[in-house]
Amino acid sequence: DSLFQITQEEFSDFGPYQEELEEAAKYIALYFPEEMIQQVTTFISTFQYGSIFNQKDKEFGVGLDMYLGSDFEVYQLLNPQNFPAYRTKKFEPYRITPNCVKAFVDYKTPPHIGKNFIEQAVYEGKKMYLMDLLLPTHHDSLKMGYLAGQIEWVEDQEENMWKYLVEENVLFSSDKNDFQRHYFNEGPFTTPFGTESSPKAGAWIGWQIVRKYMDENPNLTVNELLQNTDHQAIFTQSGYRP
C-alpha cells in the first residue's frame, strides 16, 4: 500500500509519459503495422519489471515503482547484488519510453546466438538500429541506456576500441562466455577497455556497423534487415572501418 501511494503521488500526472509512449507507438505502427499498440498499463512490480511489452494484448506495461528516481531511499535497501548502483542510477522516469520501446525491440528481433564477437555485435546493432527508427528524437544515450558521459566516451574511443579488437583477435573469437560477458552484458563498464569505459561497448560498435550497412543499402527495408541472419555478410558489406 505504501509503495502504491508513493507511485500515485510521484505519477499523479502520467500524461507526459503517455504522450511519449503514444508517439513511439506511431512509429511502431509506421514500420510494423501489424503491431498496433492498443494501450499503456501501469502497475506495481515490487521491483521486478520496469517495462514490458505484452504481445498478446499489444500493450506497453510500466512498473512505476522502478522509476521513482535514483535517490529513492528504498532502492538503497535492496539487495546490492541485484540492484547495484550503476543500475539504480537509471531508475528515472524519463527512461520509461526508451525502456518500453526496448522491450518491444527485444520481442521483434528474432533470437540469434552469435558464433563469434562480430556476429553478436551485428545482432545487437540491429536492435539498436530499430531504436533509431522508433525513437528518432531521443538522444543516443537513452537508446543505449547510458548514464551521463558514457555515449561521449564510446564516440571518442571508437577508433581505439576497434584497434584493440583487431589487434587482440577479438572480432572472430568464438569464446561466447568471454565475448558475451566482457562486451555485451550490462555492467558499470566494458572490462577489457578499463574501469573508465562505458558498458556494452560491443553493442555500440555493432550499432555503428548496422548504421553503416543501412547507409550503404538505402533501399533495404527494416524487415529485410531483421530477416537477414547472415551477420558476417552484413559486417563485410557495411565496409565499417573507423
# chains A, B, ... in the order shown; residues from 1 in each chain; ligands from 1
>>> closest_atom_pairs(of="range 45-128 of chain A", to="range 169-182 of chain A", cutoff="8 Å", atoms="only C-alpha atoms", output="Markdown table")
| residue | atom | partner | partner_atom | distance |
| --- | --- | --- | --- | --- |
| A:Gly114 | CA | A:Lys176 | CA | 7.9 |
| A:Lys115 | CA | A:Ser174 | CA | 5.7 |
| A:Asn116 | CA | A:Ser174 | CA | 4.3 |
| A:Phe117 | CA | A:Leu171 | CA | 5.2 |
| A:Ile118 | CA | A:Leu171 | CA | 5.3 |
>>> residues_around(residues="Leu64 in chain A", least_positions_apart="3", cutoff="7 Å", atoms="only C-alpha atoms", output="PDB file with C-alpha atoms, in the first residue's frame")
ATOM      1  CA  THR A   7       3.860   5.949  -7.033  1.00  0.00           C
ATOM      2  CA  THR A  42       0.847   0.954 -15.288  1.00  0.00           C
ATOM      3  CA  PHE A  43       1.365  -1.396 -12.355  1.00  0.00           C
ATOM      4  CA  ILE A  44       3.383  -2.021  -9.200  1.00  0.00           C
ATOM      5  CA  GLY A  50      10.358  -1.615 -15.236  1.00  0.00           C
ATOM      6  CA  TYR A  67      11.005   4.857 -11.911  1.00  0.00           C
TER       7      TYR A  67
END
>>> residues_around(residues="range 226-235 of chain A", least_positions_apart="3", cutoff="6 Å", atoms="only C-alpha atoms", output="PDB file with C-alpha atoms, in the first residue's frame")
ATOM      1  CA  GLU A 119      28.043 -11.783 -35.273  1.00  0.00           C
ATOM      2  CA  VAL A 122      25.733  -7.050 -35.546  1.00  0.00           C
ATOM      3  CA  ASN A 223      12.057  -6.144 -42.180  1.00  0.00           C
ATOM      4  CA  SER A 238      28.987  -2.418 -44.383  1.00  0.00           C
TER       5      SER A 238
END
>>> select_by_dssp(residues="range 96-179 of chain A", states="alpha helix (DSSP H)", output="PDB file with C-alpha atoms, in the first residue's frame")
ATOM      1  CA  ILE A  96      10.108   4.986 -19.317  1.00  0.00           C
ATOM      2  CA  THR A  97       9.601   5.362 -23.077  1.00  0.00           C
ATOM      3  CA  PRO A  98      13.080   4.153 -24.182  1.00  0.00           C
ATOM      4  CA  ASN A  99      12.741   1.129 -21.904  1.00  0.00           C
ATOM      5  CA  CYS A 100       9.282   0.267 -23.219  1.00  0.00           C
ATOM      6  CA  VAL A 101      10.499   0.559 -26.801  1.00  0.00           C
ATOM      7  CA  LYS A 102      13.482  -1.634 -25.946  1.00  0.00           C
ATOM      8  CA  ALA A 103      11.080  -4.277 -24.627  1.00  0.00           C
ATOM      9  CA  PHE A 104       9.243  -4.130 -27.956  1.00  0.00           C
ATOM     10  CA  VAL A 105      12.512  -4.325 -29.915  1.00  0.00           C
ATOM     11  CA  ASP A 106      13.615  -7.379 -27.916  1.00  0.00           C
ATOM     12  CA  TYR A 107      10.334  -9.052 -28.836  1.00  0.00           C
ATOM     13  CA  LYS A 108      10.519  -8.027 -32.504  1.00  0.00           C
ATOM     14  CA  PHE A 117      32.049 -11.429 -31.457  1.00  0.00           C
ATOM     15  CA  ILE A 118      31.230  -9.768 -34.777  1.00  0.00           C
ATOM     16  CA  GLU A 119      28.043 -11.783 -35.273  1.00  0.00           C
ATOM     17  CA  GLN A 120      26.854 -10.880 -31.792  1.00  0.00           C
ATOM     18  CA  ALA A 121      27.789  -7.241 -32.343  1.00  0.00           C
ATOM     19  CA  VAL A 122      25.733  -7.050 -35.546  1.00  0.00           C
ATOM     20  CA  TYR A 123      22.784  -8.750 -33.821  1.00  0.00           C
ATOM     21  CA  GLU A 124      22.857  -6.175 -31.030  1.00  0.00           C
ATOM     22  CA  GLY A 125      23.388  -3.456 -33.630  1.00  0.00           C
ATOM     23  CA  LYS A 126      20.189  -4.458 -35.417  1.00  0.00           C
ATOM     24  CA  LYS A 127      18.279  -3.915 -32.182  1.00  0.00           C
ATOM     25  CA  MET A 128      19.852  -0.513 -31.741  1.00  0.00           C
ATOM     26  CA  TYR A 129      19.022   0.432 -35.331  1.00  0.00           C
ATOM     27  CA  LEU A 130      15.377  -0.290 -34.526  1.00  0.00           C
ATOM     28  CA  MET A 131      15.699   2.052 -31.555  1.00  0.00           C
ATOM     29  CA  ASP A 132      16.886   4.697 -34.025  1.00  0.00           C
ATOM     30  CA  LEU A 133      13.763   4.253 -36.145  1.00  0.00           C
ATOM     31  CA  LEU A 134      11.272   4.129 -33.291  1.00  0.00           C
ATOM     32  CA  ASP A 140      21.584   8.066 -28.364  1.00  0.00           C
ATOM     33  CA  SER A 141      22.498   7.783 -24.684  1.00  0.00           C
ATOM     34  CA  LEU A 142      18.877   6.988 -23.811  1.00  0.00           C
ATOM     35  CA  LYS A 143      18.638   4.404 -26.580  1.00  0.00           C
ATOM     36  CA  MET A 144      21.722   2.667 -25.171  1.00  0.00           C
ATOM     37  CA  GLN A 150      29.069   7.336 -21.436  1.00  0.00           C
ATOM     38  CA  ILE A 151      27.941   7.983 -25.010  1.00  0.00           C
ATOM     39  CA  GLU A 152      30.687  10.597 -25.317  1.00  0.00           C
ATOM     40  CA  TRP A 153      33.262   8.040 -24.193  1.00  0.00           C
ATOM     41  CA  VAL A 154      32.412   5.476 -26.878  1.00  0.00           C
ATOM     42  CA  GLU A 155      32.271   8.180 -29.541  1.00  0.00           C
ATOM     43  CA  ASP A 156      35.710   9.465 -28.535  1.00  0.00           C
ATOM     44  CA  GLN A 157      37.213   5.984 -28.273  1.00  0.00           C
ATOM     45  CA  GLU A 158      35.671   4.354 -31.343  1.00  0.00           C
ATOM     46  CA  GLU A 159      38.931   4.123 -33.275  1.00  0.00           C
ATOM     47  CA  ASN A 160      40.916   2.918 -30.241  1.00  0.00           C
ATOM     48  CA  MET A 161      38.334   0.282 -29.381  1.00  0.00           C
ATOM     49  CA  TRP A 162      38.338  -1.043 -32.925  1.00  0.00           C
ATOM     50  CA  LYS A 163      42.136  -1.135 -32.987  1.00  0.00           C
ATOM     51  CA  TYR A 164      42.144  -3.144 -29.766  1.00  0.00           C
ATOM     52  CA  LEU A 165      39.556  -5.633 -31.093  1.00  0.00           C
ATOM     53  CA  VAL A 166      41.604  -6.172 -34.263  1.00  0.00           C
ATOM     54  CA  GLU A 167      44.993  -6.440 -32.555  1.00  0.00           C
ATOM     55  CA  LYS A 176      30.963 -16.915 -26.242  1.00  0.00           C
ATOM     56  CA  ASN A 177      31.408 -16.893 -22.466  1.00  0.00           C
ATOM     57  CA  ASP A 178      34.279 -14.464 -22.907  1.00  0.00           C
ATOM     58  CA  PHE A 179      32.973 -12.014 -25.512  1.00  0.00           C
TER      59      PHE A 179
END
>>> select_by_dssp(residues="range 41-92 of chain A", states="strand (DSSP E)", output="list of chain:residue names")
A:Thr41, A:Thr42, A:Phe43, A:Ser51, A:Ile52, A:Phe53, A:Asn54, A:Glu59, A:Phe60, A:Gly61, A:Val62, A:Gly63
>>> residues_around(residues="Thr41 in chain A", least_positions_apart="2", cutoff="9 Å", atoms="only C-alpha atoms", output="MDAnalysis selection string")
chainID A and resid 39 43 59:63
>>> atom_distance(atom1="CA of Glu196 in chain A", atom2="CA of Lys90 in chain A")
18.0 Å
